[in-house]
Amino acid sequence: MLVVIPAHNEVESLAATVAELRALHAGIEVLIVDDGSDDGTAELVTQLGVPWLRFPVCLGVGTAMRAALRYAHHLGHEIVVRIDADGQHAPEDLSRLVEALGAGISAVVGSRYLAAGGFRASGSRRLVQRVLGRCLGWVVRRPVTDPTSGFWAFGPTAVRLLGEHHPTDYAEPELHLLLWRQGMTVREVPVTMRARGAGRSTLTWSRALTAVARAFLALIVAPLRTTAPVAEAETELEAR
Amino acid sequence: MTDLVQVVSIAVSLTLLAVVIELVRRRLLVEEYSLIWLVGASSLLLLACFREILHVVARWLNVRYPPSLLLLVILFFAFIGLMFFSVVVSSQRAQIRRLFEETALLAARLRALEAKQKAEVTAAHSDAADDERDRGPVH
């Protein structure tokens with residue numbers, strides 16, 4: 001298993017996140033993807049004693065995850081967990097996500113709205129999430145309570161698929177659509193979201209609006225897309 | 001269409017053609033992308049030279065003032081061009097992302113390899129030092 005931490009300008013919280021992960025899960029393998037940070041994250045990453053990837057410019061969390069999943073696949077990791085660098089995701093929930101994998105479940109996503117308590121989004125943001133969640137749920141025919149959650153666990157098939165096809169840009173809603181289009185089952189499990197440890201959310205109002213517009217476009221386009229050739233990738237891998 | 005309009009239209013189309021060919025000659029524009037401009041400029045030239053075509057098409061489309069049809073043709077090619085280049089930019093964006101990913105992955109593999117090599121060298125050195133110590137009294 002590999003835990004991937006995509007990080008863009010997270011110098012204040014990254015070290016704590018990694019330390020907390022290691023304290024709770026001894027011997028855990030971690031990969032940090034520094035997504036074009038310019039606040040000292042790049043220097044910090046080299047001192048943490050974990051493997052890392054670095055992009056010279058910010059390419060977005062989707063691209064970071066795609067590279068990380070290819071890295072994981074190359075090293076033979078069958079399960080990959082994505083956890084945010086800002087400390088919003090509680091490492092205690094990690095095992096719950098991983099345990100929910102398997103038995104026909106290709107990916108698991110943590111939803112803060114399935115659990116009682118914890119950090120919730122503010123009014124307007126929550127409204128957007130609700131609308132987006134409803135629409136997504138309607139397309140993928142299962143409830144999506146936290147469409148923008150970045151706390152994910154991927155099983156072997158999803159790792160193989162997403163290493164090549166992880167949606168880029170503001171990727172989480174599109175990820176739901178892609179996995180559904182590929183006929184993969186995604187399960188939501190309750191997690192406790194904490195308030196951001198440090199740093200500022202990269203999601204500003206204008207970005208949020210663009211993201212919503214994109215997500216709705218994806219809602220229209222995703223069902224019309226042809227599926228990615230995972231089967232081919234699989235046979236090729238099995239042949240190796 | 002008045003003679004002046006025709007002369008100007010022909011001059012503009014010829015200039016456009018010349019500019020495109022010159023850009024390709026200087027390798028500032030690749031052949032693949034110059035095609036759309038060449039086709040556009042040639043059609044413009046064709047319509048400017050042979051007024052009859054313009055008049056026939058204008059009558060067919062119910063356009064009262066045939067030269068305005070030239071404008072429509074220009075708009076059409078501009079629109080197709082914009083669409084085409086949006087596609088080109090999108091695909092290049094995807095390619096650049098891929099390239100960044102691959103270089104990041106290769107850099108990570110290189111770091112791992114270098115670390116492994118360094119560890120092996122250190123181990124070999126300490127082994128050699130141990131051997132030296134063991135053999136010490138014999139010499």
# chains A, B, ... in the order shown; residues from 1 in each chain; ligands from 1
$ interface_residues --of "chain B" --to "chain A" --cutoff "10 Å" --atoms "only C-alpha atoms" --output "list of chain:residue names"
B:Ala94, B:Ile96, B:Arg97, B:Arg98, B:Phe100, B:Glu101, B:Glu102, B:Thr103, B:Ala104, B:Leu105, B:Leu106, B:Ala107, B:Ala108, B:Arg109, B:Arg111, B:Ala112
$ write_last_selection --atoms "N, CA and C atoms" --output "PDB file, in the first residue's frame"
ATOM      1  N   ALA B  94      -2.341  18.596 -22.884  1.00  0.00           N
ATOM      2  CA  ALA B  94      -2.321  17.221 -22.388  1.00  0.00           C
ATOM      3  C   ALA B  94      -0.926  16.627 -22.533  1.00  0.00           C
ATOM      4  N   ILE B  96       1.942  18.246 -22.627  1.00  0.00           N
ATOM      5  CA  ILE B  96       2.876  18.880 -21.691  1.00  0.00           C
ATOM      6  C   ILE B  96       2.711  18.287 -20.295  1.00  0.00           C
ATOM      7  N   ARG B  97       1.459  18.105 -19.885  1.00  0.00           N
ATOM      8  CA  ARG B  97       1.206  17.474 -18.583  1.00  0.00           C
ATOM      9  C   ARG B  97       1.905  16.124 -18.508  1.00  0.00           C
ATOM     10  N   ARG B  98       1.701  15.322 -19.562  1.00  0.00           N
ATOM     11  CA  ARG B  98       2.292  13.997 -19.635  1.00  0.00           C
ATOM     12  C   ARG B  98       3.813  14.069 -19.486  1.00  0.00           C
ATOM     13  N   PHE B 100       5.630  16.460 -18.108  1.00  0.00           N
ATOM     14  CA  PHE B 100       5.996  16.811 -16.736  1.00  0.00           C
ATOM     15  C   PHE B 100       5.905  15.584 -15.832  1.00  0.00           C
ATOM     16  N   GLU B 101       4.831  14.810 -16.000  1.00  0.00           N
ATOM     17  CA  GLU B 101       4.662  13.606 -15.184  1.00  0.00           C
ATOM     18  C   GLU B 101       5.821  12.652 -15.394  1.00  0.00           C
ATOM     19  N   GLU B 102       6.123  12.418 -16.667  1.00  0.00           N
ATOM     20  CA  GLU B 102       7.181  11.449 -16.976  1.00  0.00           C
ATOM     21  C   GLU B 102       8.535  11.919 -16.454  1.00  0.00           C
ATOM     22  N   THR B 103       8.840  13.221 -16.579  1.00  0.00           N
ATOM     23  CA  THR B 103      10.141  13.692 -16.079  1.00  0.00           C
ATOM     24  C   THR B 103      10.184  13.572 -14.553  1.00  0.00           C
ATOM     25  N   ALA B 104       9.048  13.859 -13.891  1.00  0.00           N
ATOM     26  CA  ALA B 104       9.013  13.736 -12.427  1.00  0.00           C
ATOM     27  C   ALA B 104       9.254  12.288 -12.015  1.00  0.00           C
ATOM     28  N   LEU B 105       8.619  11.357 -12.752  1.00  0.00           N
ATOM     29  CA  LEU B 105       8.775   9.931 -12.435  1.00  0.00           C
ATOM     30  C   LEU B 105      10.207   9.479 -12.691  1.00  0.00           C
ATOM     31  N   LEU B 106      10.774   9.926 -13.803  1.00  0.00           N
ATOM     32  CA  LEU B 106      12.154   9.550 -14.114  1.00  0.00           C
ATOM     33  C   LEU B 106      13.129  10.115 -13.082  1.00  0.00           C
ATOM     34  N   ALA B 107      12.889  11.368 -12.664  1.00  0.00           N
ATOM     35  CA  ALA B 107      13.752  11.979 -11.655  1.00  0.00           C
ATOM     36  C   ALA B 107      13.702  11.176 -10.360  1.00  0.00           C
ATOM     37  N   ALA B 108      12.506  10.709  -9.991  1.00  0.00           N
ATOM     38  CA  ALA B 108      12.362   9.924  -8.758  1.00  0.00           C
ATOM     39  C   ALA B 108      13.126   8.609  -8.869  1.00  0.00           C
ATOM     40  N   ARG B 109      13.027   7.981 -10.049  1.00  0.00           N
ATOM     41  CA  ARG B 109      13.744   6.705 -10.247  1.00  0.00           C
ATOM     42  C   ARG B 109      15.234   6.934 -10.210  1.00  0.00           C
ATOM     43  N   ARG B 111      16.795   9.308  -8.541  1.00  0.00           N
ATOM     44  CA  ARG B 111      17.170   9.555  -7.139  1.00  0.00           C
ATOM     45  C   ARG B 111      17.305   8.235  -6.393  1.00  0.00           C
ATOM     46  N   ALA B 112      16.310   7.346  -6.617  1.00  0.00           N
ATOM     47  CA  ALA B 112      16.339   6.053  -5.934  1.00  0.00           C
ATOM     48  C   ALA B 112      17.583   5.268  -6.335  1.00  0.00           C
TER      49      ALA B 112
END
$ residues_around --residues "segment 36-52 of chain B" --least-positions-apart "2" --cutoff "8 Å" --atoms "only C-alpha atoms" --output "JSON list (two decimals) with C-alpha atoms, in the first residue's frame"
[["chain", "number", "residue", "atom", "x", "y", "z"],
["B", 1, "MET", "CA", -19.00, 44.32, -56.93],
["B", 6, "GLN", "CA", -12.36, 43.51, -56.36],
["B", 9, "SER", "CA", -9.99, 41.80, -52.23],
["B", 10, "ILE", "CA", -7.47, 40.30, -54.64],
["B", 13, "SER", "CA", -5.90, 37.54, -50.50],
["B", 14, "LEU", "CA", -2.56, 37.63, -52.31],
["B", 16, "LEU", "CA", -2.33, 36.73, -46.98],
["B", 17, "LEU", "CA", -1.08, 33.91, -49.22],
["B", 20, "VAL", "CA", 1.61, 32.39, -45.01],
["B", 33, "TYR", "CA", -1.06, 24.43, -39.47],
["B", 34, "SER", "CA", -0.45, 26.53, -42.56],
["B", 54, "LEU", "CA", -19.71, 35.21, -55.80],
["B", 55, "HIS", "CA", -22.81, 36.52, -57.54],
["B", 56, "VAL", "CA", -24.27, 33.07, -58.10],
["B", 70, "LEU", "CA", -16.62, 37.61, -48.84],
["B", 73, "VAL", "CA", -16.29, 33.42, -46.01],
["B", 74, "ILE", "CA", -13.56, 35.13, -43.96],
["B", 77, "PHE", "CA", -12.50, 30.36, -41.97],
["B", 81, "GLY", "CA", -9.32, 28.27, -37.53]]
$ atom_distance --atom1 "atom CA of His165 of chain A" --atom2 "atom CA of Gly133 of chain A"
22.0 Å
$ residues_around --residues "Leu48 of chain A" --least-positions-apart "2" --cutoff "10 Å" --atoms "only C-alpha atoms" --output "list of chain:residue names"
A:Leu14, A:Ala15, A:Val18, A:Ala19, A:Ile32, A:Glu43, A:Leu44, A:Val45, A:Thr46, A:Val50, A:Pro51, A:Trp52
$ atom_distance --atom1 "atom CA of Thr226 of chain A" --atom2 "atom CA of His77 of chain A"
27.6 Å
$ atom_distance --atom1 "atom CA of Ser206 of chain A" --atom2 "atom CA of Leu178 of chain A"
24.6 Å
$ residues_around --residues "Leu217 of chain A" --least-positions-apart "2" --cutoff "12 Å" --atoms "only C-alpha atoms" --output "PyMOL selection string"
chain A and resi 132+135-136+173-174+177+210-215+219-224
$ closest_residue --among "A:Leu161, A:Leu97, A:Leu127, A:Met1" --to "Gly183 of chain A" --atoms "only C-alpha atoms"
A:Leu161
$ decode --residues "segment 7-30 of chain B" --atoms "N, CA and C atoms" --output "PDB file, in the first residue's frame"
ATOM      1  N   VAL B   7     -10.300  44.766 -56.637  1.00  0.00           N
ATOM      2  CA  VAL B   7      -8.841  44.943 -56.574  1.00  0.00           C
ATOM      3  C   VAL B   7      -8.343  44.769 -55.143  1.00  0.00           C
ATOM      4  N   VAL B   8      -9.049  45.428 -54.202  1.00  0.00           N
ATOM      5  CA  VAL B   8      -8.643  45.329 -52.790  1.00  0.00           C
ATOM      6  C   VAL B   8      -8.721  43.875 -52.312  1.00  0.00           C
ATOM      7  N   SER B   9      -9.818  43.197 -52.667  1.00  0.00           N
ATOM      8  CA  SER B   9      -9.989  41.803 -52.235  1.00  0.00           C
ATOM      9  C   SER B   9      -8.864  40.933 -52.759  1.00  0.00           C
ATOM     10  N   ILE B  10      -8.548  41.109 -54.052  1.00  0.00           N
ATOM     11  CA  ILE B  10      -7.470  40.302 -54.636  1.00  0.00           C
ATOM     12  C   ILE B  10      -6.147  40.613 -53.937  1.00  0.00           C
ATOM     13  N   ALA B  11      -5.889  41.909 -53.701  1.00  0.00           N
ATOM     14  CA  ALA B  11      -4.635  42.299 -53.047  1.00  0.00           C
ATOM     15  C   ALA B  11      -4.533  41.694 -51.658  1.00  0.00           C
ATOM     16  N   VAL B  12      -5.634  41.767 -50.897  1.00  0.00           N
ATOM     17  CA  VAL B  12      -5.632  41.224 -49.530  1.00  0.00           C
ATOM     18  C   VAL B  12      -5.370  39.713 -49.551  1.00  0.00           C
ATOM     19  N   SER B  13      -6.079  38.996 -50.446  1.00  0.00           N
ATOM     20  CA  SER B  13      -5.900  37.539 -50.499  1.00  0.00           C
ATOM     21  C   SER B  13      -4.477  37.177 -50.883  1.00  0.00           C
ATOM     22  N   LEU B  14      -3.937  37.920 -51.876  1.00  0.00           N
ATOM     23  CA  LEU B  14      -2.557  37.631 -52.313  1.00  0.00           C
ATOM     24  C   LEU B  14      -1.560  37.895 -51.187  1.00  0.00           C
ATOM     25  N   THR B  15      -1.768  39.011 -50.469  1.00  0.00           N
ATOM     26  CA  THR B  15      -0.874  39.327 -49.349  1.00  0.00           C
ATOM     27  C   THR B  15      -0.929  38.221 -48.305  1.00  0.00           C
ATOM     28  N   LEU B  16      -2.143  37.789 -47.982  1.00  0.00           N
ATOM     29  CA  LEU B  16      -2.327  36.732 -46.984  1.00  0.00           C
ATOM     30  C   LEU B  16      -1.580  35.465 -47.415  1.00  0.00           C
ATOM     31  N   LEU B  17      -1.762  35.107 -48.689  1.00  0.00           N
ATOM     32  CA  LEU B  17      -1.080  33.914 -49.220  1.00  0.00           C
ATOM     33  C   LEU B  17       0.435  34.067 -49.092  1.00  0.00           C
ATOM     34  N   ALA B  18       0.921  35.274 -49.489  1.00  0.00           N
ATOM     35  CA  ALA B  18       2.363  35.520 -49.454  1.00  0.00           C
ATOM     36  C   ALA B  18       2.889  35.428 -48.026  1.00  0.00           C
ATOM     37  N   VAL B  19       2.139  36.032 -47.088  1.00  0.00           N
ATOM     38  CA  VAL B  19       2.572  36.008 -45.677  1.00  0.00           C
ATOM     39  C   VAL B  19       2.655  34.573 -45.168  1.00  0.00           C
ATOM     40  N   VAL B  20       1.636  33.774 -45.477  1.00  0.00           N
ATOM     41  CA  VAL B  20       1.614  32.388 -45.005  1.00  0.00           C
ATOM     42  C   VAL B  20       2.812  31.622 -45.574  1.00  0.00           C
ATOM     43  N   ILE B  21       3.036  31.777 -46.888  1.00  0.00           N
ATOM     44  CA  ILE B  21       4.144  31.046 -47.520  1.00  0.00           C
ATOM     45  C   ILE B  21       5.491  31.494 -46.927  1.00  0.00           C
ATOM     46  N   GLU B  22       5.618  32.788 -46.690  1.00  0.00           N
ATOM     47  CA  GLU B  22       6.862  33.306 -46.109  1.00  0.00           C
ATOM     48  C   GLU B  22       7.078  32.752 -44.696  1.00  0.00           C
ATOM     49  N   LEU B  23       6.001  32.690 -43.925  1.00  0.00           N
ATOM     50  CA  LEU B  23       6.108  32.152 -42.562  1.00  0.00           C
ATOM     51  C   LEU B  23       6.544  30.693 -42.580  1.00  0.00           C
ATOM     52  N   VAL B  24       5.990  29.937 -43.533  1.00  0.00           N
ATOM     53  CA  VAL B  24       6.360  28.523 -43.638  1.00  0.00           C
ATOM     54  C   VAL B  24       7.832  28.432 -44.059  1.00  0.00           C
ATOM     55  N   ARG B  25       8.233  29.318 -45.016  1.00  0.00           N
ATOM     56  CA  ARG B  25       9.607  29.303 -45.495  1.00  0.00           C
ATOM     57  C   ARG B  25      10.583  29.564 -44.345  1.00  0.00           C
ATOM     58  N   ARG B  26      10.213  30.502 -43.477  1.00  0.00           N
ATOM     59  CA  ARG B  26      11.092  30.832 -42.335  1.00  0.00           C
ATOM     60  C   ARG B  26      10.945  29.850 -41.174  1.00  0.00           C
ATOM     61  N   ARG B  27      10.127  28.832 -41.377  1.00  0.00           N
ATOM     62  CA  ARG B  27       9.837  27.832 -40.341  1.00  0.00           C
ATOM     63  C   ARG B  27       9.207  28.440 -39.086  1.00  0.00           C
ATOM     64  N   LEU B  28       8.504  29.529 -39.236  1.00  0.00           N
ATOM     65  CA  LEU B  28       7.786  30.109 -38.100  1.00  0.00           C
ATOM     66  C   LEU B  28       6.381  29.501 -38.008  1.00  0.00           C
ATOM     67  N   LEU B  29       5.982  28.850 -39.065  1.00  0.00           N
ATOM     68  CA  LEU B  29       4.670  28.208 -39.100  1.00  0.00           C
ATOM     69  C   LEU B  29       4.883  26.815 -39.712  1.00  0.00           C
ATOM     70  N   VAL B  30       4.430  25.776 -38.997  1.00  0.00           N
ATOM     71  CA  VAL B  30       4.627  24.435 -39.557  1.00  0.00           C
ATOM     72  C   VAL B  30       3.598  24.175 -40.658  1.00  0.00           C
TER      73      VAL B  30
END
